Every structure is written in C-alpha cells, then in structure tokens.
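Here is the structure we will look at.
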Amino acid sequence: MSFAEKCNVIFARSTAYYHAMDDVNAELKNPYEFKTIEYYLFLKNWIDAVQWHLEDIVRNPAIKPEEALLIKRRIDRSNQDRTDLVELIDSFFLEEYAGVVPSPGATINTESPAWAIDRLSILALKIYHMEQEVNRNDATPAHREACAKKLAVLREQKKDLSTAIDQLLDDVKAGRKYMKVYKQMKMYNDPALNPVLYGNKNN
C-alpha cells in the first residue's frame with residue numbers, strides 16, 4: 001500500500017467515525033497508537049471534519065450573534081491546530097528522509113508533502129458530503145444529477161492528488177527533490193504580532 005493509499009483509508013475511516021456521531025462536541029477516540037503517523041492522519045481528518053461542520057453551523061441565518069462569535073473563535077483555534085498538525089506530519093517526513101542526500105539537480109516542490117496530504121483530507125470530506133447530496137431523497141433529480149457530476153470530478157481529483165503525493169515522496173526518497181518546511185507563522189493568533197491584540201494590552 002502506498003502512503004497516499006494509507007492516507008485515503010485512514011481519512012475514510014475517520015470521516016465515517018465522525019459522521020456516525022455527527023456531533024462537533026463528540027469525544028475523539030483515536031484507534032491508532034499515540035504519536036504514530038497513522039494517529040496523526042486520523043487526528044488530522046477529525047479536526048477537518050469538526051471544522052467542516054462548525055463552518056456549516058456558523059452560516060445558519062438564525063444563529064445568535066453571541067453563539068456565532070464563539071464558533072468563529074473555535075474555528076480560529078481549529079485552524080491553528082490544523083496548521084500545527086500539518087507541520088508535525090512534515091516533521092515525520094523530514095525525519096524519515098533525513099539520510100537522503102539530494103542529487104545535484106534536485107529541485108524543491110511548490111508545497112510540502114503534508115500540505116498536499118491536508119488537501120487530500122479535505123477531499124475525503126468533500127466526497128463524503130457530495131455523495132450525501134447525490135443520494136438525497138428530498139432533492140430534485142436536477143440537483144442530484146449536478147452533484148453526481150461534481151462527485152465524479154472530486155473522485156478524479158482524489159486519484160490525481162494521490163498519485164502526485166506518492167510521486168513526490170518517491171522523488172524525495174530518491175534525492176530528485178528535497179524538502180523544506182516553512183512555519184506558517186500565522187500572525188493573527190499571536191498576541192505579539194496582531195496589532196489589535198497587542199494594542200489592547202496598552203489600554
């Protein structure tokens with residue numbers, strides 16, 4: 001099984017696990033051994049699934065402003081958790097290929113392996129929810145047909161992205177490409193870098 005195939009299996013399992021409860025406040029019971037790459041992949045998709053549904057909830061036109069604010073702040077924290085986890089997964093690859101000496105003509109990729117895997121996790125959720133739309137009994141035939149076409153595109157995208165991830169990892173392992181991981185340095189979450197936050201300290 002290739003690494004991308006492993007990701008797809010774990011993401012599908014995590015997506016199904018979340019939707020069996022379908023509750024943004026549900027407790028996560030990760031089935032994989034703590035601190036293994038499988039554990040982090042399952043956790044990654046779980047964070048994405050919870051955030052997906054928080055984004056749905058906050059768009060309810062009837063939501064109270066106070067509740068919406070709390071959810072938006074929760075989404076903000078979730079985004080930071082997501083970023084931190086992506087960087088942790090990249091650290092796994094850096095350690096995995098630490099002994100590889102890049103060839104003289106080695107090039108760098110436009111994104112790190114973990115950020116591509118991040119997109120694969122989101123795709124798993126898009127596919128799950130588009131399948132739900134295709135099978136909606138209360139939807140019109142036109143709606144289901146339009147969603148079926150979108151679903152086909154999403155599945156093709158998953159196939160292409162999976163292939164690209166495996167090719168990237170093969171290239172890194174063979175020294176044809178090399179990795180660099182740049183920390184995201186999200187400024188809005190940092191009290192020392194967000195002027196609204198550090199400005200309030202002086203008031």
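We label chains A, B, ... in the order they appear in the structure tokens, count residues from 1 in each chain, and number ligands from 1 in the order shown.
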
Selection near range 67-70 of chain A, 7 Å with only C-alpha atoms, sequence-local residues under 4 positions removed, as a PDB file with N, CA and C atoms, in the first residue's frame:
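This went into around-v1.pdb:
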```pdb
ATOM      1  N   VAL A  58     -22.121  27.940  11.664  1.00  0.00           N
ATOM      2  CA  VAL A  58     -21.976  29.385  11.817  1.00  0.00           C
ATOM      3  C   VAL A  58     -22.658  30.151  10.678  1.00  0.00           C
ATOM      4  N   ILE A  63     -28.709  31.961  13.529  1.00  0.00           N
ATOM      5  CA  ILE A  63     -27.813  31.826  14.668  1.00  0.00           C
ATOM      6  C   ILE A  63     -27.714  33.143  15.444  1.00  0.00           C
ATOM      7  N   ARG A  74     -13.755  29.383  17.864  1.00  0.00           N
ATOM      8  CA  ARG A  74     -13.408  27.965  17.895  1.00  0.00           C
ATOM      9  C   ARG A  74     -12.795  27.543  16.547  1.00  0.00           C
TER      10      ARG A  74
END
```

**Spatial neighbours of Ser162 in chain A, max dist 12 Å, only C-alpha atoms, sep filter under 4 positions, as a ChimeraX atom specification** = /A:1-9,113,116-121,123-124,155-158,166-169

Do you know which residues are at most 10 Å from Gly175 in chain A counting only C-alpha atoms, after dropping those on the same chain fewer than 5 positions away, and could you put them as a PDB file with C-alpha atoms, in the first residue's frame?
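Full text of selection04.pdb as output:
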```pdb
ATOM      1  CA  TYR A  97      14.262  11.061   4.745  1.00  0.00           C
ATOM      2  CA  VAL A 100      18.847  11.145   1.827  1.00  0.00           C
ATOM      3  CA  VAL A 101      21.448  13.248   0.027  1.00  0.00           C
ATOM      4  CA  PRO A 102      19.755  15.327  -2.705  1.00  0.00           C
ATOM      5  CA  SER A 103      21.219  14.905  -6.166  1.00  0.00           C
ATOM      6  CA  PRO A 104      22.987  17.943  -7.725  1.00  0.00           C
ATOM      7  CA  GLY A 105      19.955  18.714  -9.866  1.00  0.00           C
ATOM      8  CA  ALA A 106      17.369  18.207  -7.108  1.00  0.00           C
ATOM      9  CA  THR A 107      14.511  20.684  -7.015  1.00  0.00           C
ATOM     10  CA  LEU A 169       7.566  11.104  -1.770  1.00  0.00           C
ATOM     11  CA  ASP A 170       9.334   8.822  -4.252  1.00  0.00           C
TER      12      ASP A 170
END
```

**Item:** Non-local contacts of His143 in chain A (10 Å; only C-alpha atoms; under 6 positions in same chain excluded) as a PyMOL selection string
**Value:** chain A and resi 133-134+136

Output the selection as a PDB file, in the first residue's frame - N, CA and C atoms for each residue.
```pdb
ATOM      1  N   GLU A 133     -25.347  14.327  -1.037  1.00  0.00           N
ATOM      2  CA  GLU A 133     -26.224  15.130  -1.897  1.00  0.00           C
ATOM      3  C   GLU A 133     -26.756  14.310  -3.068  1.00  0.00           C
ATOM      4  N   VAL A 134     -25.910  13.465  -3.620  1.00  0.00           N
ATOM      5  CA  VAL A 134     -26.337  12.613  -4.734  1.00  0.00           C
ATOM      6  C   VAL A 134     -27.467  11.684  -4.302  1.00  0.00           C
ATOM      7  N   ARG A 136     -29.675  12.237  -1.786  1.00  0.00           N
ATOM      8  CA  ARG A 136     -30.744  12.908  -1.038  1.00  0.00           C
ATOM      9  C   ARG A 136     -32.118  12.609  -1.626  1.00  0.00           C
TER      10      ARG A 136
END
```

**Asked** Leaving out range 27-36 of chain A and any residue of its chain fewer than 2 positions from it, which residues lie within 10 Å of it when counting only C-alpha atoms, given as an NGL selection string?
**Response** :A and (10 or 13-14 or 17-18 or 21 or 23-25 or 38-43 or 46-47 or 89 or 92)

Generate a file of the selected residues that holds N, CA and C atoms, formatted as a PDB file, in the first residue's frame.
```
ATOM      1  N   ILE A  10      -7.329   5.802   5.970  1.00  0.00           N
ATOM      2  CA  ILE A  10      -7.483   6.389   7.303  1.00  0.00           C
ATOM      3  C   ILE A  10      -8.463   7.554   7.259  1.00  0.00           C
ATOM      4  N   ARG A  13     -11.927   6.242   7.106  1.00  0.00           N
ATOM      5  CA  ARG A  13     -12.305   5.690   8.411  1.00  0.00           C
ATOM      6  C   ARG A  13     -12.645   6.805   9.391  1.00  0.00           C
ATOM      7  N   SER A  14     -11.849   7.858   9.399  1.00  0.00           N
ATOM      8  CA  SER A  14     -12.099   8.982  10.302  1.00  0.00           C
ATOM      9  C   SER A  14     -13.391   9.707   9.934  1.00  0.00           C
ATOM     10  N   TYR A  17     -16.230   7.654  11.033  1.00  0.00           N
ATOM     11  CA  TYR A  17     -16.278   7.677  12.501  1.00  0.00           C
ATOM     12  C   TYR A  17     -16.944   8.957  12.999  1.00  0.00           C
ATOM     13  N   TYR A  18     -16.557  10.106  12.415  1.00  0.00           N
ATOM     14  CA  TYR A  18     -17.182  11.359  12.834  1.00  0.00           C
ATOM     15  C   TYR A  18     -18.686  11.338  12.546  1.00  0.00           C
ATOM     16  N   MET A  21     -21.404   9.773  14.699  1.00  0.00           N
ATOM     17  CA  MET A  21     -21.874  10.572  15.837  1.00  0.00           C
ATOM     18  C   MET A  21     -22.470  11.889  15.369  1.00  0.00           C
ATOM     19  N   ASP A  23     -21.491  15.030  15.600  1.00  0.00           N
ATOM     20  CA  ASP A  23     -21.587  15.971  16.717  1.00  0.00           C
ATOM     21  C   ASP A  23     -20.244  16.680  16.864  1.00  0.00           C
ATOM     22  N   VAL A  24     -20.241  17.999  16.714  1.00  0.00           N
ATOM     23  CA  VAL A  24     -18.986  18.753  16.793  1.00  0.00           C
ATOM     24  C   VAL A  24     -18.383  18.730  18.193  1.00  0.00           C
ATOM     25  N   ASN A  25     -19.162  18.303  19.167  1.00  0.00           N
ATOM     26  CA  ASN A  25     -18.657  18.214  20.541  1.00  0.00           C
ATOM     27  C   ASN A  25     -18.355  16.778  20.970  1.00  0.00           C
ATOM     28  N   GLU A  38      -0.065   7.168  11.637  1.00  0.00           N
ATOM     29  CA  GLU A  38      -1.479   6.828  11.470  1.00  0.00           C
ATOM     30  C   GLU A  38      -2.348   7.606  12.457  1.00  0.00           C
ATOM     31  N   TYR A  39      -1.856   7.733  13.674  1.00  0.00           N
ATOM     32  CA  TYR A  39      -2.563   8.505  14.700  1.00  0.00           C
ATOM     33  C   TYR A  39      -2.742   9.956  14.246  1.00  0.00           C
ATOM     34  N   TYR A  40      -1.678  10.539  13.707  1.00  0.00           N
ATOM     35  CA  TYR A  40      -1.740  11.942  13.287  1.00  0.00           C
ATOM     36  C   TYR A  40      -2.628  12.131  12.060  1.00  0.00           C
ATOM     37  N   LEU A  41      -2.632  11.163  11.159  1.00  0.00           N
ATOM     38  CA  LEU A  41      -3.501  11.268   9.982  1.00  0.00           C
ATOM     39  C   LEU A  41      -4.970  11.187  10.384  1.00  0.00           C
ATOM     40  N   PHE A  42      -5.295  10.279  11.300  1.00  0.00           N
ATOM     41  CA  PHE A  42      -6.674  10.161  11.780  1.00  0.00           C
ATOM     42  C   PHE A  42      -7.098  11.448  12.481  1.00  0.00           C
ATOM     43  N   LEU A  43      -6.220  11.972  13.329  1.00  0.00           N
ATOM     44  CA  LEU A  43      -6.498  13.216  14.037  1.00  0.00           C
ATOM     45  C   LEU A  43      -6.672  14.377  13.069  1.00  0.00           C
ATOM     46  N   TRP A  46     -10.061  14.210  11.548  1.00  0.00           N
ATOM     47  CA  TRP A  46     -11.070  14.513  12.579  1.00  0.00           C
ATOM     48  C   TRP A  46     -11.187  16.028  12.780  1.00  0.00           C
ATOM     49  N   ILE A  47     -10.066  16.697  12.881  1.00  0.00           N
ATOM     50  CA  ILE A  47     -10.078  18.159  13.030  1.00  0.00           C
ATOM     51  C   ILE A  47     -10.783  18.793  11.834  1.00  0.00           C
ATOM     52  N   ILE A  89       3.272  16.534  10.772  1.00  0.00           N
ATOM     53  CA  ILE A  89       3.350  15.465   9.772  1.00  0.00           C
ATOM     54  C   ILE A  89       4.549  15.686   8.854  1.00  0.00           C
ATOM     55  N   PHE A  92       7.614  14.400  10.368  1.00  0.00           N
ATOM     56  CA  PHE A  92       7.746  12.946  10.194  1.00  0.00           C
ATOM     57  C   PHE A  92       8.522  12.646   8.914  1.00  0.00           C
TER      58      PHE A  92
END
```
